[in-house]
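Undergrad: Following this line is start32.txt, made up of compact mmCIF, C-alpha atoms:
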```
# COMPACT_ATOMS: atom_id res chain seq x y z
CA MET N 74 -8.57 6.28 -26.01
CA ARG N 75 -8.91 9.76 -24.60
CA LYS N 76 -5.97 11.29 -22.83
CA ILE N 77 -5.57 10.35 -19.23
CA VAL N 78 -6.13 13.14 -16.74
CA ARG N 79 -2.86 14.22 -15.21
CA TYR N 80 -2.47 13.60 -11.52
CA LEU N 81 -1.62 17.04 -10.22
CA ALA N 82 -3.12 17.16 -6.74
CA GLY N 83 -1.33 19.43 -4.29
CA GLY N 84 1.10 17.06 -2.59
CA VAL N 85 2.02 15.23 -5.77
CA LYS N 86 4.38 17.92 -6.95
CA TYR N 87 6.99 16.18 -4.86
CA LEU N 88 9.12 19.15 -4.04
CA VAL N 89 12.40 18.38 -2.38
CA LEU N 90 12.01 17.69 1.32
CA SER N 91 15.01 18.16 3.57
CA LEU N 92 14.96 15.02 5.69
CA VAL N 93 17.22 14.69 8.70
CA LEU N 94 16.77 11.66 10.94
CA SER N 95 18.15 11.38 14.46
CA LEU N 96 18.22 15.06 15.35
CA ALA N 97 21.33 16.25 17.10
CA PHE N 98 19.71 16.76 20.49
CA THR N 99 21.86 16.12 23.52
CA TYR N 100 19.74 13.26 24.85
CA PRO N 101 20.73 9.64 25.41
CA LEU N 102 19.81 7.39 22.50
CA ARG N 103 19.29 4.10 24.37
CA ALA N 104 15.70 3.04 23.64
CA GLU N 105 13.53 0.90 25.91
CA LEU N 106 10.19 1.27 24.10
CA VAL N 107 9.63 -1.41 21.42
CA ILE N 108 6.54 -3.09 19.94
CA ASP N 109 6.93 -6.78 19.09
CA ILE N 110 4.87 -7.09 15.92
CA THR N 111 5.71 -10.77 15.44
CA ARG N 112 3.11 -11.72 18.06
CA GLY N 113 -0.51 -12.45 17.22
CA ASN N 114 -3.14 -10.22 18.84
CA ILE N 115 -1.09 -7.20 19.92
CA GLN N 116 -2.27 -4.81 22.61
CA PRO N 117 -1.99 -1.34 21.00
CA LEU N 118 0.65 0.92 22.53
CA PRO N 119 -0.75 4.04 24.27
CA ILE N 120 0.95 7.03 22.65
CA ALA N 121 0.45 10.77 22.98
CA ILE N 122 0.72 12.84 19.79
CA SER N 123 0.88 16.50 20.75
CA ASP N 124 -0.22 19.22 18.35
CA LEU N 125 2.81 20.91 16.82
CA TYR N 126 3.63 24.24 18.40
CA SER N 127 3.64 27.43 16.33
CA GLU N 128 3.99 31.12 17.09
CA THR N 129 1.33 32.06 14.53
CA GLU N 130 -2.32 31.07 14.34
CA THR N 131 -2.13 30.01 10.68
CA ALA N 132 0.82 27.68 11.16
CA GLY N 133 -0.74 26.49 14.40
CA LEU N 134 -3.77 25.19 12.50
CA VAL N 135 -1.41 23.29 10.21
CA GLY N 136 0.31 21.86 13.29
CA GLN N 137 -3.02 20.57 14.56
CA ARG N 138 -3.84 18.97 11.21
CA ILE N 139 -0.44 17.29 11.00
CA ALA N 140 -0.93 15.81 14.47
CA GLU N 141 -4.41 14.58 13.50
CA VAL N 142 -3.02 12.75 10.45
CA ILE N 143 -0.19 11.19 12.50
CA ARG N 144 -2.73 9.93 15.06
CA ALA N 145 -4.97 8.51 12.34
CA ASP N 146 -2.06 6.74 10.58
CA LEU N 147 -0.81 5.12 13.77
CA GLU N 148 -4.27 4.14 15.01
CA ARG N 149 -5.15 2.57 11.66
CA SER N 150 -2.07 0.33 11.88
CA GLY N 151 -3.65 -1.41 14.87
CA LEU N 152 -0.37 -1.18 16.81
CA PHE N 153 -0.95 2.17 18.51
CA SER N 154 -3.69 3.70 20.64
CA PRO N 155 -3.39 7.51 20.43
CA ILE N 156 -4.53 9.15 23.66
CA ASP N 157 -7.25 11.81 23.51
CA SER N 158 -5.48 15.19 23.54
CA ARG N 159 -8.05 16.52 26.03
CA ALA N 160 -6.28 14.43 28.67
CA PHE N 161 -2.89 16.09 28.10
CA LEU N 162 -1.39 17.94 31.08
CA GLN N 163 1.15 19.92 29.04
CA ASN N 164 0.41 22.12 26.03
CA PRO N 165 2.51 22.34 22.82
CA ALA N 166 4.35 25.47 24.02
CA ASP N 167 5.47 23.73 27.22
CA LEU N 168 6.85 20.84 25.17
CA GLN N 169 9.51 22.87 23.38
CA VAL N 170 11.87 21.82 26.16
CA THR N 171 12.24 18.39 27.77
CA PRO N 172 8.75 17.11 28.70
CA VAL N 173 7.68 16.64 32.30
CA PHE N 174 7.48 12.87 31.97
CA SER N 175 5.48 12.38 35.16
CA ASN N 176 2.61 14.30 33.55
CA TRP N 177 2.52 11.81 30.69
CA ARG N 178 2.84 8.74 32.91
CA LYS N 179 -0.29 9.92 34.73
CA ILE N 180 -2.33 9.43 31.55
CA ASN N 181 -0.59 6.10 30.76
CA ALA N 182 1.31 7.39 27.71
CA GLN N 183 4.26 5.16 26.92
CA GLY N 184 5.38 7.13 23.87
CA LEU N 185 5.17 10.86 23.23
CA SER N 186 5.75 12.96 20.12
CA THR N 187 6.28 16.73 20.29
CA GLY N 188 7.38 19.32 17.81
CA LEU N 189 6.85 22.62 16.07
CA VAL N 190 5.87 24.04 12.72
CA ARG N 191 6.60 27.44 11.20
CA ALA N 192 6.47 29.33 7.92
CA LEU N 193 9.95 30.12 6.60
CA PRO N 194 10.78 33.54 5.04
CA ASP N 195 10.96 31.97 1.57
CA GLY N 196 7.40 30.66 1.86
CA ARG N 197 8.29 27.05 2.65
CA LEU N 198 6.80 25.16 5.57
CA TYR N 199 9.18 23.83 8.24
CA MET N 200 8.30 20.98 10.62
CA GLU N 201 10.27 19.44 13.46
CA LEU N 202 9.16 16.35 15.39
CA ARG N 203 10.68 14.59 18.40
CA LEU N 204 9.82 11.14 19.77
CA TRP N 205 10.21 10.30 23.47
CA ASP N 206 10.12 7.18 25.65
CA VAL N 207 8.01 8.33 28.60
CA PHE N 208 8.89 5.65 31.18
CA ALA N 209 12.61 5.63 30.39
CA GLU N 210 12.51 9.46 30.12
CA GLN N 211 14.59 9.33 26.96
CA TYR N 212 14.67 11.02 23.59
CA LEU N 213 14.38 8.34 20.90
CA ASP N 214 14.43 9.92 17.46
CA GLY N 215 13.30 12.86 15.39
CA VAL N 216 12.78 14.34 11.97
CA LYS N 217 13.03 17.76 10.30
CA LEU N 218 11.17 18.47 7.08
CA SER N 219 10.79 21.53 4.89
CA GLY N 220 8.91 22.02 1.63
CA ASP N 221 5.86 23.48 -0.03
CA PRO N 222 3.00 24.24 2.43
CA THR N 223 0.69 22.05 0.31
CA ASP N 224 2.85 19.06 1.26
CA TRP N 225 1.80 19.16 4.92
CA ARG N 226 0.03 15.81 4.67
CA ARG N 227 3.26 14.20 3.43
CA PHE N 228 5.04 15.72 6.43
CA ALA N 229 2.54 13.96 8.67
CA HIS N 230 2.87 10.62 6.87
CA LYS N 231 6.67 10.79 7.04
CA ALA N 232 6.51 11.60 10.75
CA ALA N 233 4.17 8.62 11.30
CA ASP N 234 6.60 6.44 9.33
CA LEU N 235 9.44 7.54 11.62
CA ILE N 236 7.45 6.71 14.77
CA TYR N 237 6.34 3.35 13.36
CA LYS N 238 9.88 2.37 12.38
CA ARG N 239 11.49 3.52 15.63
CA LEU N 240 9.01 1.63 17.81
CA THR N 241 8.53 -1.54 15.73
CA GLY N 242 11.87 -1.91 13.95
CA GLU N 243 10.01 -2.22 10.64
CA GLU N 244 9.71 0.30 7.82
CA GLY N 245 6.57 2.41 7.83
CA TYR N 246 4.08 2.49 4.97
CA PHE N 247 2.12 5.70 5.47
CA ASP N 248 3.81 7.89 2.82
CA THR N 249 2.39 5.74 0.03
CA ARG N 250 -0.48 5.64 -2.45
CA ILE N 251 -2.98 3.10 -3.69
CA VAL N 252 -4.10 2.81 -7.29
CA TYR N 253 -7.30 0.89 -8.01
CA VAL N 254 -10.22 0.45 -10.38
CA SER N 255 -13.09 2.75 -9.41
CA GLU N 256 -16.45 1.22 -10.36
CA SER N 257 -19.84 2.85 -10.81
CA GLY N 258 -23.19 2.07 -12.41
CA PRO N 259 -25.25 -1.14 -12.38
CA GLN N 260 -23.36 -4.44 -12.32
CA ASP N 261 -24.40 -5.32 -15.88
CA ARG N 262 -23.20 -1.93 -17.26
CA ARG N 263 -20.19 -1.17 -15.09
CA VAL N 264 -18.03 1.91 -15.72
CA LYS N 265 -14.45 1.24 -14.60
CA ARG N 266 -11.96 4.08 -14.20
CA LEU N 267 -8.38 4.14 -12.99
CA ALA N 268 -8.12 6.06 -9.71
CA ILE N 269 -5.39 6.91 -7.22
CA MET N 270 -5.27 8.16 -3.64
CA ASP N 271 -3.05 8.34 -0.60
CA GLN N 272 -3.09 5.17 1.52
CA ASP N 273 -5.50 6.86 3.95
CA GLY N 274 -8.01 7.61 1.17
CA GLU N 275 -7.16 11.32 0.92
CA LYS N 276 -6.20 13.24 -2.26
CA HIS N 277 -8.34 10.98 -4.39
CA GLN N 278 -8.18 11.52 -8.15
CA PHE N 279 -9.34 9.75 -11.29
CA LEU N 280 -6.70 8.99 -13.92
CA THR N 281 -8.98 7.83 -16.76
CA ASP N 282 -12.35 9.09 -17.93
CA GLY N 283 -14.21 5.78 -18.02
CA SER N 284 -14.62 5.62 -21.79
CA ASN N 285 -12.57 2.41 -21.90
CA LEU N 286 -12.54 -0.55 -19.53
CA VAL N 287 -9.45 -0.70 -17.29
CA LEU N 288 -8.19 -3.67 -15.27
CA THR N 289 -5.32 -4.79 -12.99
CA PRO N 290 -3.28 -1.62 -12.35
CA ARG N 291 0.13 -2.39 -10.81
CA PHE N 292 2.87 -0.09 -9.45
CA SER N 293 6.50 -0.15 -10.47
CA PRO N 294 8.70 -1.01 -7.45
CA THR N 295 11.31 1.56 -8.47
CA GLN N 296 9.36 4.68 -9.45
CA GLN N 297 5.92 6.20 -9.62
CA GLU N 298 4.73 4.34 -12.71
CA ILE N 299 1.72 2.10 -13.26
CA THR N 300 1.17 -0.68 -15.73
CA TYR N 301 -2.43 -1.65 -16.45
CA LEU N 302 -4.69 -3.34 -18.96
CA SER N 303 -7.28 -1.44 -20.99
CA TYR N 304 -9.55 -2.24 -23.91
CA PHE N 305 -9.36 0.05 -26.94
CA ASN N 306 -11.79 -0.79 -29.76
CA ASN N 307 -12.44 -4.05 -27.90
CA LYS N 308 -8.76 -5.00 -28.13
CA PRO N 309 -6.64 -5.49 -24.98
CA ARG N 310 -3.71 -3.13 -24.62
CA VAL N 311 -1.07 -2.96 -21.91
CA TYR N 312 -0.27 0.61 -20.92
CA LEU N 313 2.54 2.26 -18.97
CA PHE N 314 1.48 5.40 -17.11
CA ASN N 315 3.84 7.85 -15.38
CA ILE N 316 2.06 9.47 -12.43
CA ASP N 317 4.44 12.41 -12.05
CA SER N 318 4.28 13.51 -15.70
CA GLY N 319 0.82 12.20 -16.57
CA GLN N 320 2.23 10.62 -19.73
CA GLN N 321 1.21 7.19 -20.95
CA GLU N 322 2.47 4.83 -23.63
CA VAL N 323 1.25 1.57 -25.09
CA LEU N 324 3.49 -1.37 -24.26
CA GLY N 325 1.72 -3.64 -26.68
CA GLU N 326 -1.50 -4.63 -28.36
CA PHE N 327 -1.92 -8.38 -28.42
CA PRO N 328 -4.16 -10.51 -30.65
CA GLY N 329 -5.47 -12.63 -27.77
CA MET N 330 -6.51 -11.78 -24.26
CA THR N 331 -3.89 -10.26 -21.97
CA PHE N 332 -4.01 -10.51 -18.19
CA ALA N 333 -2.41 -9.08 -15.07
CA PRO N 334 0.73 -7.24 -16.25
CA ARG N 335 3.17 -6.74 -13.37
CA PHE N 336 6.64 -5.16 -13.06
CA SER N 337 9.87 -6.97 -12.29
CA PRO N 338 11.77 -5.75 -9.18
CA SER N 339 14.15 -3.75 -11.39
CA GLY N 340 11.26 -2.01 -13.12
CA ASN N 341 12.81 -2.86 -16.50
CA GLN N 342 10.52 -5.77 -17.34
CA VAL N 343 6.84 -6.60 -17.22
CA VAL N 344 5.55 -10.15 -16.75
CA MET N 345 2.03 -10.99 -17.92
CA SER N 346 -0.28 -13.69 -19.20
CA ILE N 347 -1.20 -13.76 -22.91
CA ALA N 348 -3.85 -16.03 -24.41
CA ASP N 349 -3.21 -17.38 -27.91
CA LYS N 350 -5.78 -19.66 -29.54
CA GLY N 351 -7.42 -20.32 -26.21
CA ASN N 352 -4.19 -21.18 -24.40
CA SER N 353 -2.89 -18.79 -21.74
CA ASP N 354 0.84 -18.69 -20.89
CA ILE N 355 3.28 -16.44 -19.02
CA TYR N 356 5.38 -13.97 -21.02
CA LEU N 357 8.11 -11.50 -20.11
CA MET N 358 8.55 -8.15 -21.88
CA ASP N 359 11.73 -6.07 -21.77
CA LEU N 360 10.59 -2.43 -21.46
CA ARG N 361 13.76 -1.14 -23.14
CA THR N 362 13.62 -3.31 -26.26
CA ARG N 363 9.94 -4.39 -26.19
CA ALA N 364 11.21 -7.94 -26.79
CA LEU N 365 8.73 -10.61 -25.66
CA LYS N 366 9.85 -13.92 -24.16
CA ARG N 367 7.57 -16.88 -23.47
CA LEU N 368 8.17 -18.50 -20.08
CA THR N 369 5.53 -21.27 -19.95
CA LYS N 370 4.09 -23.57 -22.61
CA HIS N 371 1.25 -25.78 -21.41
CA PRO N 372 -2.35 -26.57 -22.44
CA GLY N 373 -3.54 -25.34 -19.03
CA ILE N 374 -4.29 -21.74 -18.09
CA ASP N 375 -1.22 -20.01 -16.62
CA THR N 376 -1.86 -16.48 -15.35
CA ALA N 377 -1.39 -13.88 -12.55
CA PRO N 378 2.45 -13.95 -12.42
CA SER N 379 4.37 -12.10 -9.69
CA PHE N 380 8.15 -11.77 -9.21
CA SER N 381 10.03 -12.51 -6.01
CA PRO N 382 11.65 -9.29 -4.68
CA ASP N 383 15.13 -10.52 -5.69
CA GLY N 384 13.94 -11.13 -9.25
CA THR N 385 15.06 -14.77 -9.38
CA GLN N 386 11.64 -16.46 -9.21
CA ILE N 387 8.04 -16.01 -10.35
CA THR N 388 4.88 -17.29 -8.69
CA PHE N 389 1.70 -17.77 -10.74
CA GLU N 390 -1.60 -19.62 -10.80
CA SER N 391 -2.41 -22.50 -13.13
CA ASP N 392 -5.04 -25.20 -13.64
CA ARG N 393 -2.50 -27.51 -15.30
CA GLY N 394 -3.04 -30.02 -12.48
CA GLY N 395 -6.81 -30.08 -12.99
CA ARG N 396 -7.64 -27.35 -10.49
CA GLN N 397 -6.48 -23.76 -9.94
CA GLN N 398 -3.30 -23.91 -7.83
CA LEU N 399 -0.16 -21.89 -7.12
CA TYR N 400 3.23 -22.56 -8.68
CA VAL N 401 6.74 -21.16 -8.45
CA MET N 402 9.36 -21.20 -11.21
CA ASN N 403 12.69 -19.59 -11.95
CA ALA N 404 12.55 -16.23 -13.71
CA ASP N 405 13.60 -17.93 -16.97
CA GLY N 406 10.72 -20.44 -16.72
CA GLY N 407 12.79 -23.34 -15.38
CA GLN N 408 12.44 -25.58 -12.29
CA MET N 409 8.70 -25.23 -11.94
CA LYS N 410 6.97 -26.65 -8.86
CA ARG N 411 3.53 -26.56 -7.29
CA ILE N 412 3.34 -24.98 -3.81
CA SER N 413 -0.38 -25.07 -2.84
CA PHE N 414 -1.90 -28.37 -1.72
CA GLY N 415 -4.79 -27.40 0.56
CA ARG N 416 -8.45 -28.02 -0.11
CA GLY N 417 -10.00 -25.56 -2.55
CA SER N 418 -8.71 -23.42 -5.42
CA TYR N 419 -5.91 -20.86 -5.18
CA GLY N 420 -5.29 -17.74 -7.26
CA THR N 421 -3.90 -14.17 -7.53
CA PRO N 422 -0.52 -14.92 -5.83
CA VAL N 423 1.64 -11.91 -4.95
CA TRP N 424 5.14 -12.13 -3.49
CA SER N 425 5.75 -10.06 -0.36
CA PRO N 426 8.29 -7.18 -0.68
CA ARG N 427 10.14 -8.87 2.19
CA GLY N 428 10.43 -12.10 0.22
CA ASP N 429 9.20 -14.30 3.07
CA LEU N 430 5.57 -14.82 2.09
CA ILE N 431 3.22 -15.15 -0.87
CA SER N 432 -0.32 -13.82 -0.50
CA PHE N 433 -3.21 -15.43 -2.37
CA THR N 434 -6.96 -15.71 -2.83
CA LYS N 435 -8.51 -19.06 -1.92
CA LEU N 436 -11.95 -20.42 -2.78
CA SER N 437 -13.08 -23.24 -0.49
CA GLY N 438 -16.44 -24.23 0.94
CA GLY N 439 -18.19 -21.46 -0.96
CA LYS N 440 -16.07 -18.72 0.69
CA PHE N 441 -13.29 -16.54 -0.67
CA SER N 442 -10.32 -16.06 1.65
CA ILE N 443 -7.20 -13.92 1.66
CA GLY N 444 -4.21 -15.85 3.00
CA VAL N 445 -0.44 -16.12 3.05
CA MET N 446 2.07 -18.98 2.83
CA ARG N 447 5.81 -19.45 2.63
CA ALA N 448 7.37 -19.61 -0.83
CA ASP N 449 7.66 -23.39 -0.47
CA GLY N 450 3.93 -23.67 0.35
CA SER N 451 4.40 -24.25 4.08
CA GLN N 452 2.74 -22.40 6.98
CA GLU N 453 -0.43 -21.47 5.12
CA ARG N 454 -2.58 -19.03 7.12
CA ILE N 455 -5.95 -17.49 6.32
CA LEU N 456 -6.17 -13.81 7.33
CA THR N 457 -9.78 -13.08 6.41
CA GLU N 458 -12.65 -14.80 4.62
CA GLY N 459 -16.10 -13.87 3.40
CA PHE N 460 -18.62 -13.91 0.57
CA HIS N 461 -16.07 -12.73 -2.02
CA ASN N 462 -12.58 -11.43 -1.15
CA GLU N 463 -9.97 -11.13 -3.88
CA GLY N 464 -6.88 -9.40 -5.28
CA PRO N 465 -4.43 -8.88 -2.37
CA SER N 466 -1.62 -6.33 -2.73
CA TRP N 467 1.21 -5.74 -0.24
CA ALA N 468 2.14 -2.55 1.57
CA PRO N 469 5.85 -1.84 0.91
CA ASN N 470 6.86 -3.06 4.38
CA GLY N 471 5.26 -6.48 3.80
CA ARG N 472 3.10 -6.28 6.95
CA VAL N 473 -0.29 -5.15 5.59
CA LEU N 474 -2.42 -6.21 2.61
CA VAL N 475 -5.10 -4.32 0.70
CA PHE N 476 -7.76 -6.29 -1.20
CA PHE N 477 -11.30 -5.89 -2.52
CA ARG N 478 -14.47 -7.39 -1.12
CA GLN N 479 -17.85 -7.90 -2.75
CA ILE N 480 -20.68 -7.22 -0.30
CA PRO N 481 -23.93 -8.96 -1.27
CA SER N 482 -27.15 -6.96 -1.25
CA LYS N 483 -30.29 -8.30 0.38
CA GLY N 484 -32.14 -8.20 -2.92
CA ASN N 485 -30.84 -8.15 -6.50
CA VAL N 486 -27.27 -9.37 -7.03
CA LEU N 487 -26.82 -6.45 -9.43
CA ASP N 488 -26.96 -4.17 -6.37
CA ASP N 489 -23.93 -5.80 -4.70
CA LYS N 490 -21.24 -3.42 -3.51
CA VAL N 491 -17.48 -3.78 -4.04
CA ARG N 492 -15.19 -2.12 -1.51
CA LEU N 493 -11.48 -1.96 -0.64
CA TRP N 494 -10.27 -3.37 2.68
CA SER N 495 -6.95 -3.82 4.45
CA VAL N 496 -5.78 -6.52 6.85
CA ASP N 497 -2.48 -7.00 8.66
CA LEU N 498 -0.54 -10.24 8.98
CA THR N 499 -2.08 -11.02 12.35
CA GLY N 500 -5.54 -11.06 10.75
CA TYR N 501 -6.90 -9.07 13.72
CA ASN N 502 -6.68 -5.57 12.24
CA GLU N 503 -9.14 -5.47 9.34
CA ARG N 504 -10.48 -2.12 8.09
CA GLU N 505 -12.35 -0.66 5.15
CA VAL N 506 -10.40 1.73 2.93
CA ILE N 507 -12.94 4.44 2.16
CA THR N 508 -13.40 5.36 -1.51
CA PRO N 509 -16.04 7.64 -3.08
CA ARG N 510 -17.39 4.81 -5.24
CA ASP N 511 -17.03 1.05 -5.50
CA GLY N 512 -13.44 -0.15 -5.91
CA SER N 513 -11.54 -3.26 -7.01
CA ASP N 514 -8.07 -4.43 -8.13
CA PRO N 515 -6.05 -2.33 -5.65
CA ALA N 516 -2.26 -2.00 -5.83
CA TRP N 517 -0.03 -0.44 -3.18
CA SER N 518 2.80 1.88 -4.21
CA PRO N 519 6.35 1.79 -2.89
CA LEU N 520 7.32 4.52 -0.45
CA ILE N 521 7.28 7.92 -2.15
CA ARG N 522 10.76 9.39 -2.39
```
What's the structure tokens form of this structure?

TA:
Amino acid sequence: MRKIVRYLAGGVKYLVLSLVLSLAFTYPLRAELVIDITRGNIQPLPIAISDLYSETETAGLVGQRIAEVIRADLERSGLFSPIDSRAFLQNPADLQVTPVFSNWRKINAQGLSTGLVRALPDGRLYMELRLWDVFAEQYLDGVKLSGDPTDWRRFAHKAADLIYKRLTGEEGYFDTRIVYVSESGPQDRRVKRLAIMDQDGEKHQFLTDGSNLVLTPRFSPTQQEITYLSYFNNKPRVYLFNIDSGQQEVLGEFPGMTFAPRFSPSGNQVVMSIADKGNSDIYLMDLRTRALKRLTKHPGIDTAPSFSPDGTQITFESDRGGRQQLYVMNADGGQMKRISFGRGSYGTPVWSPRGDLISFTKLSGGKFSIGVMRADGSQERILTEGFHNEGPSWAPNGRVLVFFRQIPSKGNVLDDKVRLWSVDLTGYNEREVITPRDGSDPAWSPLIR
């Protein structure tokens, strides 16, 4: 297999960012502005995101771009409604002191972010952002960041994460990436390449050249590494790829088919399905010793394993009961139990990073659905359904899922499109994740540190 292209786009150099939360401004810290994201259909919060002030034209353009990215991140979450900046009654220069809150109440802004950006003498970019509660006339929180000027998009994502967390009480998910399988060509001669991008679709880059088929990329929960399946000389291999260094290594080449490798919460193990003589079971590999341990032994097909975030349990799909259903077992393979009992077939289970839910794909009545249920199988909910939806993956805060959707053409089935979509836990906020080509098998990264 040819060498994988190194992922060296501008912001991926990950220079040290000086991050200071809760700036030492002399404002009261009692907050009144909160979004309750546990409700169903949430009315988006009107929020004003001011361009960042700068004394120079060049830095001022960067300040505008940062504000644009913050607005886009928050709007895409479905929880915020950024107000058109043409309605603002104060400009960025005026906002370097305490805002005139009555001006912002006039345009119905409930939250307001202000700040500045400047070029430091050593060439680094400096950004400062402040978040305000307009109706309570209070300072809420803030962030200071400094780093390479090419990292300005990361500044914006981190600022959006701060706003999201301060106003919802949940961790943000904007400073993250999505790895997926980029697809091109006719359906009967598909070229599949590993690709990666920021969660908003920016800074897209291919990681493989398409000479070998790639499947099921999955992020490590502890660092910027990916495990994935690829075919070399028609033999399945499991690879480990380090995004920061661009280095890859083969975890193993197995005589039978290998499916869906996925990291343990510690990042020290990979759980996967291996087929031997037509029988597929769940195996665990220690990445330090390469020792392989078999966890299931059954004539049925056991596949698509996923760890609970505490590492004590594994969920997987199996047809051992006569139809594809979801099961949970201890991490050593013991105390196995079935958790799905609804009508239809269930597959691709993935445990939420929060530990409270398991997402899945369900086929029932000729439709493919993306849903969630509790780890004991209770409180099943369908978030979205359609012609063919599959492969959910959680954002690191456990509130949003990305998946892929096949869109049928009006004519030949070989002309069907495959696209990435996201949906939140309410099921109301569903959006396409724009990619340059067709895409499948998405996986969401942890927050970038």

Undergrad: Taking only C-alpha atoms into account, produce a table as JSON lines in which each residue of stretch 314-380 of chain N with an atom at most 12 Å from an atom of stretch 389-410 of chain N appears once, together with its shortest atom pair and the distance in Å to one decimal, ordered by chain and rising number.

TA:
```
{"residue": "N:Phe332", "atom": "CA", "partner": "N:Phe389", "partner_atom": "CA", "distance": 11.9}
{"residue": "N:Ala333", "atom": "CA", "partner": "N:Phe389", "partner_atom": "CA", "distance": 10.5}
{"residue": "N:Pro334", "atom": "CA", "partner": "N:Phe389", "partner_atom": "CA", "distance": 11.9}
{"residue": "N:Arg335", "atom": "CA", "partner": "N:Phe389", "partner_atom": "CA", "distance": 11.4}
{"residue": "N:Ser337", "atom": "CA", "partner": "N:Ala404", "partner_atom": "CA", "distance": 9.7}
{"residue": "N:Pro338", "atom": "CA", "partner": "N:Ala404", "partner_atom": "CA", "distance": 11.4}
{"residue": "N:Gln342", "atom": "CA", "partner": "N:Ala404", "partner_atom": "CA", "distance": 11.3}
{"residue": "N:Val343", "atom": "CA", "partner": "N:Ala404", "partner_atom": "CA", "distance": 11.7}
{"residue": "N:Val344", "atom": "CA", "partner": "N:Ala404", "partner_atom": "CA", "distance": 9.8}
{"residue": "N:Met345", "atom": "CA", "partner": "N:Phe389", "partner_atom": "CA", "distance": 9.9}
{"residue": "N:Ser346", "atom": "CA", "partner": "N:Phe389", "partner_atom": "CA", "distance": 9.6}
{"residue": "N:Asn352", "atom": "CA", "partner": "N:Arg393", "partner_atom": "CA", "distance": 11.2}
{"residue": "N:Ser353", "atom": "CA", "partner": "N:Ser391", "partner_atom": "CA", "distance": 9.4}
{"residue": "N:Asp354", "atom": "CA", "partner": "N:Ser391", "partner_atom": "CA", "distance": 9.2}
{"residue": "N:Ile355", "atom": "CA", "partner": "N:Phe389", "partner_atom": "CA", "distance": 8.5}
{"residue": "N:Tyr356", "atom": "CA", "partner": "N:Gly406", "partner_atom": "CA", "distance": 9.4}
{"residue": "N:Leu357", "atom": "CA", "partner": "N:Asp405", "partner_atom": "CA", "distance": 9.0}
{"residue": "N:Lys366", "atom": "CA", "partner": "N:Asp405", "partner_atom": "CA", "distance": 9.0}
{"residue": "N:Arg367", "atom": "CA", "partner": "N:Gly406", "partner_atom": "CA", "distance": 8.3}
{"residue": "N:Leu368", "atom": "CA", "partner": "N:Gly406", "partner_atom": "CA", "distance": 4.6}
{"residue": "N:Thr369", "atom": "CA", "partner": "N:Gly406", "partner_atom": "CA", "distance": 6.2}
{"residue": "N:Lys370", "atom": "CA", "partner": "N:Gly406", "partner_atom": "CA", "distance": 9.4}
{"residue": "N:His371", "atom": "CA", "partner": "N:Arg393", "partner_atom": "CA", "distance": 7.4}
{"residue": "N:Pro372", "atom": "CA", "partner": "N:Arg393", "partner_atom": "CA", "distance": 7.2}
{"residue": "N:Gly373", "atom": "CA", "partner": "N:Arg393", "partner_atom": "CA", "distance": 4.4}
{"residue": "N:Ile374", "atom": "CA", "partner": "N:Ser391", "partner_atom": "CA", "distance": 5.4}
{"residue": "N:Asp375", "atom": "CA", "partner": "N:Ser391", "partner_atom": "CA", "distance": 4.4}
{"residue": "N:Thr376", "atom": "CA", "partner": "N:Glu390", "partner_atom": "CA", "distance": 5.5}
{"residue": "N:Ala377", "atom": "CA", "partner": "N:Phe389", "partner_atom": "CA", "distance": 5.3}
{"residue": "N:Pro378", "atom": "CA", "partner": "N:Phe389", "partner_atom": "CA", "distance": 4.2}
{"residue": "N:Ser379", "atom": "CA", "partner": "N:Phe389", "partner_atom": "CA", "distance": 6.4}
{"residue": "N:Phe380", "atom": "CA", "partner": "N:Ala404", "partner_atom": "CA", "distance": 7.7}
```

Undergrad: Rank N:Phe161, N:Tyr212, N:Trp517, N:Phe460 by their smallest atom-to-atom distance to N:Thr289, using only C-alpha atoms, and report the top residue only.

TA: N:Trp517

Undergrad: Give me, as a ChimeraX atom specification, all polymer residues having an atom no more than 12 Å from N:Pro172, counting only C-alpha atoms and skipping those fewer than 3 positions away in the same chain.

TA: /N:121,123,161-169,175-178,184-188,203-208,210-212

Undergrad: So how far away is atom CA of N:Asp359 from atom CA of N:Gln320, in Å?

TA: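 Rounded to one decimal, the two atoms are 19.3 Å apart.
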
Undergrad: What does the structure give for the distance between atom CA of N:Glu326 and atom CA of N:Ile299, in Å to one decimal?

TA: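 That distance, rounded to one decimal, is 16.8 Å.
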
Undergrad: Grab all the atoms of stretch 374-379 of chain N that the file lists, wrap them in a box along x, y and z, add 3 Å per side, and give me centre plus edge lengths in Å (one decimal) as lines of an AutoDock Vina configuration file.

TA:
```
center_x = 0.0
center_y = -16.9
center_z = -13.9
size_x = 14.7
size_y = 15.6
size_z = 14.4
```

Undergrad: Provide the atom CA of N:Gly215 to atom CA of N:Leu125 distance in Å, to one decimal place.

TA: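 Taking atom CA of N:Gly215 and atom CA of N:Leu125, their separation equals 13.3 Å.
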
Undergrad: Identify, on the basis of only C-alpha atoms, every residue whose closest approach to N:Asp511 does not exceed 9 Å; exclude the query and any residue fewer than 6 positions from it along the same chain; express the result as a tab-separated table (two decimals) with C-alpha atoms, keeping the file's coordinate frame.

TA:
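Now in result_21.tsv:
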```
chain	number	residue	atom	x	y	z
N	254	VAL	CA	-10.22	0.45	-10.38
N	255	SER	CA	-13.09	2.75	-9.41
N	256	GLU	CA	-16.45	1.22	-10.36
N	257	SER	CA	-19.84	2.85	-10.81
N	490	LYS	CA	-21.24	-3.42	-3.51
N	491	VAL	CA	-17.48	-3.78	-4.04
N	492	ARG	CA	-15.19	-2.12	-1.51
N	493	LEU	CA	-11.48	-1.96	-0.64
```
